[in-house]
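As structure tokens, the structure follows; a few thoughts come after it.
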Protein chains: 2
Amino acid sequence: MKVTVKVTLKNGVLDPQGKAISHALHSLGFDGVNDARQGKMIELDVAEGTTEDQVKQMCEKLLANTVIEDYQIEFAA
Amino acid sequence: MKVTVKVTLKNGVLDPQGKAISHALHSLGFDGVNDARQGKMIELDVAEGTTEDQVKQMCEKLLANTVIEDYQIEFAA
């Protein structure tokens with residue numbers, strides 16, 4: 001069973017990687033870019049019957065730093 | 001306008017970061033995890049009227065290494 005976890009920086013947390021992307025896109029001539037933020041996407045292949053609660057535990061314990069990051073869990077249909 | 005670009009490693013490309021996540025989850029007692037792969041998620045704030053073709057150009061030129069990575073473009077509804 002596939003589960004996708006999206007980890008993004010919370011609003012207000014400085015994102016130097018995103019800033020670098022934004023600047024680089026401008027340098028390449030893409031002037032329409034106002035902002036860029038980079039996050040992580042973790043695709044897990046888990047055993048059938050794994051609950052959302054278990055995946056939440058994984059996020060809290062390992063995948064996301066909840067002080068500065070938010071996470072979203074999506075089970076594949 | 002918000003556009004999300006998901007960059008993932010192509011199938012068959014070794015993903016040490018994903019392997020590390022998978023091992024760490026096992027060490028924490030999450031035995032139901034068969035595999036993990038890590039990708040990037042880039043959230044762009046672009047000017048209204050930016051076309052999918054322009055975002056594709058950004059991916060090809062900067063955001064993804066198309067030799068080893070795939071990308072997916074999603075416009076926010």
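Order determines the names: the first chain of the structure tokens is A, the second B, and so forth; residues in each chain are numbered 1 upward, and ligands are numbered 1 upward as they are shown.
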Can you list, as a PyMOL selection string, every protein, DNA or RNA residue that comes within 7 Å of segment 39-55 of chain A when you count only C-alpha atoms, leaving out same-chain residues fewer than 2 positions away?
(chain A and resi 1-9+37+57-59) or (chain B and resi 32-42)
Would you return as a count of residues only the members of chain A that DSSP assigns to strand (DSSP E or B) on this structure's backbone?
29
Restricting the calculation to only C-alpha atoms: of A:Thr66, A:Ile73, A:Asp31, A:Lys10, which residue gets closest to chain B?
A:Asp31
Work out how far apart atom CA of Ser22 of chain B and atom CA of Lys61 of chain A are and give it in Å to one decimal.
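A separation of 13.1 Å between them.
Shortest separation to chain A among B:Asp70, B:Phe75, B:Ile21, B:Lys56 occurs at residue B:Ile21, atoms counted being only C-alpha atoms.
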By how many Å are atom CA of Ala64 of chain B and atom CA of Asn11 of chain A apart?
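Atom-to-atom, atom CA of Ala64 of chain B to atom CA of Asn11 of chain A, that is 24.5 Å.
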Determine the nearest neighbour of chain B from the options A:Leu62, A:Ala76, A:Ala20, A:Val67, counting only C-alpha atoms.
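Counting only C-alpha atoms, the residue closest to chain B is A:Leu62.
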Enumerate, as a PyMOL selection string, the complete set of residues in chain A that a backbone-based DSSP assignment places in helix (DSSP H, G or I).
chain A and resi 16-27+52-63
Using only C-alpha atoms: which of A:Gly18, A:Tyr71, A:Glu60, A:His23 has the shortest distance to chain B
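For chain B, the nearest of the given residues is A:Gly18.
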Do you have the atom CA of Leu63 of chain A-atom CA of Gly29 of chain B distance handy?
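It comes out at 14.2 Å.
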